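> Sharing my_file.txt (compact mmCIF, C-alpha atoms) below.
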```txt
# COMPACT_ATOMS: atom_id res chain seq x y z
CA GLU L 28 36.44 206.38 -78.84
CA ASN L 29 34.54 203.11 -78.62
CA GLY L 30 32.32 203.85 -75.66
CA PHE L 31 32.39 202.41 -72.15
CA HIS L 32 33.60 198.80 -72.20
CA PRO L 33 35.04 197.74 -68.82
CA GLU L 34 36.32 194.17 -68.68
CA TRP L 35 33.52 193.16 -66.30
CA GLY L 36 30.74 194.60 -68.49
CA ASN L 37 28.33 193.12 -71.01
CA PHE L 38 27.76 196.33 -72.96
CA GLY L 39 28.35 194.81 -76.39
CA ASP L 40 29.41 196.60 -79.56
CA ASP L 41 28.19 200.18 -79.85
CA GLY L 42 29.36 200.53 -83.45
CA GLY L 43 31.91 203.21 -82.61
CA GLY L 44 29.28 205.62 -81.33
CA GLU L 45 27.03 206.12 -84.34
CA CYS L 46 24.14 204.27 -82.65
CA GLY L 47 23.51 207.34 -80.48
CA VAL L 48 23.47 209.86 -83.31
CA PRO L 49 19.72 209.61 -84.15
CA THR L 50 18.83 210.01 -80.47
CA VAL L 51 21.04 213.07 -80.03
CA HIS L 52 19.53 214.79 -83.07
CA ARG L 53 15.88 213.92 -82.41
CA TYR L 54 15.43 214.35 -78.67
CA VAL L 55 15.80 217.37 -76.43
CA SER L 56 16.71 217.18 -72.74
CA PRO L 57 17.27 219.80 -70.03
CA ASP L 58 20.56 221.63 -70.47
CA THR L 59 21.80 220.60 -67.04
CA GLY L 60 24.31 217.83 -67.76
CA ASN L 61 25.49 216.06 -70.90
CA GLY L 62 22.72 216.26 -73.49
CA VAL L 63 20.37 213.29 -73.56
CA PHE L 64 22.78 211.07 -71.64
CA TRP L 65 22.71 212.58 -68.15
CA TYR L 66 20.70 215.51 -66.86
CA SER L 67 18.35 216.59 -64.07
CA PHE L 68 15.17 218.61 -63.61
CA ASN L 69 12.54 219.45 -61.02
CA TYR L 70 8.97 218.23 -61.40
CA GLY L 71 6.74 219.55 -58.65
CA LEU L 72 8.21 218.39 -55.34
CA VAL L 73 10.55 215.89 -57.00
CA HIS L 74 14.11 216.35 -58.21
CA VAL L 75 14.66 213.85 -61.03
CA VAL L 76 18.16 212.78 -62.05
CA GLN L 77 18.86 210.70 -65.16
CA PHE L 78 22.34 209.21 -65.36
CA SER L 79 23.76 206.94 -68.03
CA SER L 80 24.67 203.40 -67.09
CA GLU L 81 26.20 203.12 -70.59
CA HIS L 82 28.87 205.74 -69.84
CA ASP L 83 31.57 205.63 -67.19
CA PHE L 84 29.83 206.10 -63.84
CA ARG L 85 32.78 205.20 -61.60
CA PRO L 86 34.17 207.59 -58.95
CA GLY L 87 36.38 210.20 -60.57
CA SER L 88 34.68 209.96 -63.96
CA ARG L 89 33.16 213.03 -65.58
CA GLN L 90 29.66 211.67 -65.03
CA TYR L 91 30.23 210.73 -61.40
CA LEU L 92 31.56 214.19 -60.56
CA TRP L 93 28.51 215.76 -62.22
CA LEU L 94 26.15 213.40 -60.38
CA GLU L 95 27.73 214.15 -57.01
CA LYS L 96 27.56 217.90 -57.62
CA ASP L 97 23.93 217.68 -58.74
CA LEU L 98 22.78 215.64 -55.74
CA LYS L 99 24.68 217.88 -53.36
CA SER L 100 22.97 220.98 -54.77
CA VAL L 101 19.39 219.80 -54.20
CA ASP L 102 17.37 222.07 -51.89
CA ARG L 103 15.15 219.62 -50.02
CA LYS L 104 12.92 222.48 -48.83
CA ILE L 105 11.91 223.00 -52.48
CA THR L 106 12.12 219.41 -53.73
CA PRO L 107 11.98 217.08 -50.71
CA TRP L 108 12.11 213.99 -52.94
CA ILE L 109 14.95 212.70 -55.13
CA VAL L 110 14.31 210.10 -57.83
CA VAL L 111 17.34 208.82 -59.75
CA THR L 112 16.86 206.89 -62.99
CA SER L 113 19.11 204.90 -65.29
CA HIS L 114 18.80 202.25 -67.96
CA ARG L 115 20.40 199.47 -65.92
CA PRO L 116 19.51 198.42 -62.36
CA LEU L 117 21.76 198.27 -59.32
CA TYR L 118 19.62 195.63 -57.62
CA MET L 119 18.04 192.72 -59.51
CA SER L 120 17.39 189.10 -58.58
CA GLN L 121 16.51 187.47 -61.90
CA GLU L 122 19.06 184.91 -63.12
CA GLN L 123 20.95 187.04 -65.62
CA ARG L 124 24.58 186.69 -64.64
CA GLY L 125 26.11 189.40 -66.82
CA ASP L 126 23.62 191.98 -65.63
CA HIS L 127 24.21 190.95 -62.02
CA ILE L 128 27.91 191.64 -62.42
CA VAL L 129 27.28 195.07 -63.92
CA GLY L 130 24.82 195.79 -61.10
CA LEU L 131 27.44 194.88 -58.51
CA HIS L 132 29.87 197.38 -60.00
CA MET L 133 27.14 200.01 -60.12
CA LYS L 134 26.46 199.41 -56.43
CA MET L 135 30.14 199.66 -55.55
CA ALA L 136 30.41 202.93 -57.48
CA LEU L 137 27.12 204.63 -56.66
CA GLU L 138 25.22 203.22 -53.69
CA GLU L 139 27.13 205.14 -51.03
CA LEU L 140 26.64 208.33 -53.05
CA PHE L 141 22.88 207.71 -53.23
CA TYR L 142 22.80 207.08 -49.49
CA THR L 143 24.88 210.13 -48.59
CA TYR L 144 22.51 212.43 -50.48
CA LYS L 145 19.36 210.58 -49.39
CA VAL L 146 18.05 209.39 -52.74
CA ASN L 147 14.53 208.11 -52.12
CA VAL L 148 13.99 205.98 -55.22
CA HIS L 149 16.03 204.56 -58.08
CA LEU L 150 14.07 203.58 -61.21
CA SER L 151 15.54 201.48 -64.00
CA GLY L 152 14.67 199.24 -66.92
CA HIS L 153 16.93 196.98 -69.02
CA VAL L 154 15.43 193.81 -67.51
CA HIS L 155 12.09 193.02 -69.15
CA SER L 156 10.14 192.48 -65.95
CA TYR L 157 9.17 194.29 -62.76
CA GLU L 158 10.87 194.09 -59.39
CA SER L 159 10.92 196.26 -56.27
CA THR L 160 13.08 196.15 -53.18
CA CYS L 161 12.61 197.02 -49.56
CA PRO L 162 14.35 200.23 -48.47
CA VAL L 163 17.86 198.85 -48.81
CA VAL L 164 21.37 199.93 -47.84
CA ALA L 165 24.46 197.86 -48.68
CA GLY L 166 22.34 194.77 -49.30
CA ASP L 167 20.37 194.96 -46.06
CA CYS L 168 16.72 195.93 -45.59
CA VAL L 169 16.22 198.94 -43.34
CA ALA L 170 13.15 200.68 -41.97
CA PRO L 171 11.07 202.85 -44.31
CA GLY L 172 12.69 206.25 -44.64
CA HIS L 173 16.17 204.91 -43.86
CA GLY L 174 17.27 203.72 -47.32
CA THR L 175 16.70 203.87 -51.06
CA VAL L 176 13.99 201.80 -52.75
CA TYR L 177 15.11 200.30 -56.07
CA VAL L 178 12.49 199.52 -58.73
CA ILE L 179 12.92 197.85 -62.12
CA VAL L 180 10.12 198.92 -64.46
CA GLY L 181 10.79 196.96 -67.62
CA ALA L 182 7.44 195.31 -68.25
CA ALA L 183 5.89 197.92 -70.50
CA GLY L 184 6.09 196.39 -73.95
CA LYS L 185 8.72 194.00 -75.22
CA TYR L 186 8.65 190.27 -74.38
CA LEU L 187 8.94 189.57 -70.66
CA ASP L 188 12.07 187.92 -69.31
CA ALA L 189 11.07 184.61 -67.78
CA GLN L 190 14.22 183.65 -65.88
CA ASN L 191 13.84 182.43 -62.32
CA TYR L 192 14.46 184.73 -59.36
CA GLN L 193 17.22 184.22 -56.84
CA LYS L 194 16.21 184.50 -53.18
CA TYR L 195 17.61 187.78 -51.93
CA PRO L 196 16.21 189.26 -48.68
CA TRP L 197 15.98 192.72 -50.22
CA SER L 198 13.73 191.63 -53.12
CA LYS L 199 10.19 192.56 -52.09
CA TYR L 200 8.07 191.90 -55.19
CA GLN L 201 8.71 190.35 -58.61
CA ASN L 202 6.59 190.09 -61.75
CA CYS L 203 7.58 188.56 -65.08
CA GLU L 204 4.09 187.51 -66.18
CA LYS L 205 2.07 190.70 -66.65
CA TYR L 206 2.77 193.90 -68.57
CA GLY L 207 2.45 197.19 -66.76
CA TYR L 208 3.82 200.60 -65.84
CA GLN L 209 4.81 202.59 -62.77
CA ARG L 210 2.59 205.29 -61.27
CA VAL L 211 4.32 207.76 -58.95
CA THR L 212 2.68 210.46 -56.84
CA ALA L 213 4.34 212.67 -54.27
CA ASN L 214 3.27 215.27 -51.74
CA SER L 215 4.79 216.71 -48.57
CA THR L 216 3.87 213.68 -46.44
CA HIS L 217 4.79 210.68 -48.61
CA MET L 218 5.71 209.29 -52.01
CA HIS L 219 3.47 206.55 -53.41
CA LEU L 220 4.63 204.12 -56.10
CA GLN L 221 2.31 201.61 -57.79
CA PHE L 222 2.89 198.95 -60.42
CA VAL L 223 -0.22 199.04 -62.60
CA THR L 224 -0.95 196.26 -65.09
CA ALA L 225 -1.98 197.01 -68.65
CA PRO L 226 -4.60 196.91 -69.96
CA SER L 227 -6.52 195.77 -66.84
CA GLY L 228 -5.38 198.56 -64.51
CA GLU L 229 -4.86 196.16 -61.61
CA VAL L 230 -2.40 197.42 -58.99
CA LEU L 231 0.04 194.65 -58.08
CA ASP L 232 2.62 196.53 -56.00
CA ASN L 233 2.23 199.45 -53.59
CA ILE L 234 5.16 201.29 -52.03
CA ILE L 235 4.81 204.13 -49.53
CA ILE L 236 7.94 206.15 -48.76
CA PRO L 237 8.05 208.65 -45.88
CA PRO L 238 10.01 211.91 -46.21
CA GLY L 239 13.21 212.93 -44.50
CA MET L 240 15.59 209.97 -44.82
CA LYS L 241 17.47 209.29 -41.59
CA LEU L 242 21.07 208.19 -42.13
CA LEU L 243 22.58 205.32 -40.17
CA GLN L 244 26.19 204.29 -39.65
CA ILE L 245 26.74 202.00 -42.64
CA ALA L 246 29.93 200.28 -43.76
CA PHE L 247 29.85 200.14 -47.56
CA SER L 248 31.93 197.42 -49.20
CA SER L 249 33.99 197.74 -52.36
CA ASP L 250 34.40 193.94 -52.45
CA GLU L 251 32.18 192.35 -55.09
CA LYS L 252 32.55 189.01 -53.27
CA LYS L 253 30.86 190.31 -50.12
CA PRO L 254 28.89 187.38 -48.60
CA GLY L 255 25.26 187.39 -49.65
CA THR L 256 25.78 189.85 -52.47
CA PHE L 257 26.08 187.43 -55.36
CA LEU L 258 24.51 183.96 -55.42
CA PHE L 259 26.04 182.61 -58.63
CA ASN L 260 29.25 180.61 -58.66
```
Turn this file's structure into structure tokens for me.


Amino acid sequence: ENGFHPEWGNFGDDGGGECGVPTVHRYVSPDTGNGVFWYSFNYGLVHVVQFSSEHDFRPGSRQYLWLEKDLKSVDRKITPWIVVTSHRPLYMSQEQRGDHIVGLHMKMALEELFYTYKVNVHLSGHVHSYESTCPVVAGDCVAPGHGTVYVIVGAAGKYLDAQNYQKYPWSKYQNCEKYGYQRVTANSTHMHLQFVTAPSGEVLDNIIIPPGMKLLQIAFSSDEKKPGTFLFN
């Protein structure tokens, strides 16, 4: 099997699968999903879910069914916060067309699931820069505590991507000039995310998320040509 290569993707050649062999044999992950590829664990008050954007994540797939079951099983009295992570982002505004297309398909497949189970934050990399959104649902900003915040944390080491940013209303803060990392703290009253530059320690982005997401009546679209969703021709 030659991996996950949908016609709309830019996943490239995975060499028939052998590229993942060193990772599988060298790293250990919680035995809650599919090895190092998708799994979940609790850390303090936070339930952390790692899914693979490099495997089939579409509704009906093995991974999607696992993800839905995992999110549904979370006891918010024990872990009131849910953070989902993946390699690729759902929301990004830098001018990288292929990644935008993959992100659109990720949104069509997963955003309603995240909303239904009140995912507070999605963290990703892939793009070598930093970007955070407002609390967003189906492309629209909503009040704090009413939607998921999406954060790209890809500015930790390799060269920074210098492409321009498209003007999306949900894009709150962008950085492609300074290296840094994400600091996350959580207690019973709020979750606090900070983008901290390295080596200076300057905080460039602050996000406060209240607990107890309140769901609204949202119409999710499966149409990748939804107005305002994609700015490239």

> What lies within 7 Å of Ser151 of chain L using only C-alpha atoms, ignoring chain neighbours under 5 positions off, as a PDB file with C-alpha atoms, keeping the file's coordinate frame?


```pdb
ATOM      1  CA  THR L 112      16.860 206.890 -62.990  1.00  0.00           C
ATOM      2  CA  SER L 113      19.110 204.900 -65.290  1.00  0.00           C
ATOM      3  CA  HIS L 114      18.800 202.250 -67.960  1.00  0.00           C
ATOM      4  CA  ARG L 115      20.400 199.470 -65.920  1.00  0.00           C
ATOM      5  CA  PRO L 116      19.510 198.420 -62.360  1.00  0.00           C
ATOM      6  CA  VAL L 178      12.490 199.520 -58.730  1.00  0.00           C
ATOM      7  CA  ILE L 179      12.920 197.850 -62.120  1.00  0.00           C
ATOM      8  CA  VAL L 180      10.120 198.920 -64.460  1.00  0.00           C
TER       9      VAL L 180
END
```

> Using only C-alpha atoms, find the one residue out of L:Phe64, L:Tyr200, L:Tyr206, L:Tyr144 that sits nearest to Thr50 of chain L.

L:Phe64

> Report the distance between atom CA of Asn233 of chain L and atom CA of Lys205 of chain L in Å, rounded to one decimal place.

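Atom CA of Lys205 of chain L lies 15.7 Å from atom CA of Asn233 of chain L.
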
> So that I can see what lies close to Gln90 of chain L, please list as a list in words the residues with an atom at most 9 Å from it, counting all atoms listed in the file and leaving out residues fewer than 3 positions away in the same chain.

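Answer for this query is Gly60, Asn61, Trp65, Phe78, Ser79, His82, Asp83, Phe84, Arg85, Pro86, Gly87, Trp93, Leu94 and Glu95 of chain L.
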
> Kindly save the residues from that selection, with C-alpha atoms included, as a PDB file, in the coordinates of the input.


```pdb
ATOM      1  CA  GLY L  60      24.310 217.830 -67.760  1.00  0.00           C
ATOM      2  CA  ASN L  61      25.490 216.060 -70.900  1.00  0.00           C
ATOM      3  CA  TRP L  65      22.710 212.580 -68.150  1.00  0.00           C
ATOM      4  CA  PHE L  78      22.340 209.210 -65.360  1.00  0.00           C
ATOM      5  CA  SER L  79      23.760 206.940 -68.030  1.00  0.00           C
ATOM      6  CA  HIS L  82      28.870 205.740 -69.840  1.00  0.00           C
ATOM      7  CA  ASP L  83      31.570 205.630 -67.190  1.00  0.00           C
ATOM      8  CA  PHE L  84      29.830 206.100 -63.840  1.00  0.00           C
ATOM      9  CA  ARG L  85      32.780 205.200 -61.600  1.00  0.00           C
ATOM     10  CA  PRO L  86      34.170 207.590 -58.950  1.00  0.00           C
ATOM     11  CA  GLY L  87      36.380 210.200 -60.570  1.00  0.00           C
ATOM     12  CA  TRP L  93      28.510 215.760 -62.220  1.00  0.00           C
ATOM     13  CA  LEU L  94      26.150 213.400 -60.380  1.00  0.00           C
ATOM     14  CA  GLU L  95      27.730 214.150 -57.010  1.00  0.00           C
TER      15      GLU L  95
END
```

> Counting only C-alpha atoms, which of L:Gln190, L:Asn37, L:Gln209, L:Asn202 gets nearest to Gln221 of chain L?

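Among L:Gln190, L:Asn37, L:Gln209, L:Asn202, it is L:Gln209 that comes nearest to Gln221 of chain L.
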
> By how many Å are atom CA of Val223 of chain L and atom CA of Arg210 of chain L apart?

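Spanning atom CA of Val223 of chain L to atom CA of Arg210 of chain L is a straight-line distance of 7.0 Å.
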
> Using all atoms listed in the file, find the one residue out of L:Val73, L:Ile105, L:Ala170, L:Val164 that sits nearest to Leu137 of chain L.

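Result for the nearest residue to Leu137 of chain L: L:Val164.
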
> Could you name the residues that touch segment 166-168 of chain L at 6 Å or less, counting only C-alpha atoms, but leaving out those on the same chain fewer than 4 positions away, as a list in words?

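The residues satisfying every condition are Cys161, Pro162 and Trp197 of chain L.
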
> Using all atoms listed in the file, pick whichever of L:Val176, L:Ile128, L:Leu220, L:Val146 has the shortest atom-to-atom distance to Pro33 of chain L.

L:Ile128

> Find the residues near Gly36 of chain L: any atom within 12 Å, counting only C-alpha atoms, skip ones fewer than 3 places away on the same chain, and give them as a count of residues only.

21

> Can you tell me how far atom CA of Ser67 of chain L sits from atom CA of Phe222 of chain L, in Å to one decimal?

23.7 Å

> Taking into account all atoms listed in the file, which residue in the set L:Pro196, L:Gly152, L:Gly207, L:Pro226 is nearest to Gly181 of chain L?

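Smallest distance to Gly181 of chain L is found for L:Gly152.
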
> Looking at all atoms listed in the file, which of L:Ala136, L:Val211, L:Val163, L:Val230 is the one that sits closest to Tyr91 of chain L?

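Answer, going by the shortest atom-to-atom distance: L:Ala136.
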
> For a cut-off of 6 Å around (15.0, 207.6, -53.2), file coordinates, pick out all residues using all atoms listed in the file and list them as a PyMOL selection string.

chain L and resi 109-110+146-149+175-176

> Considering only C-alpha atoms, return as a list in words whatever protein or nucleic-acid residues lie within 12 Å of Arg53 of chain L, sequence-local ones (same chain, fewer than 6 positions apart) excluded.

Gly47, Gly62 and Val63 of chain L
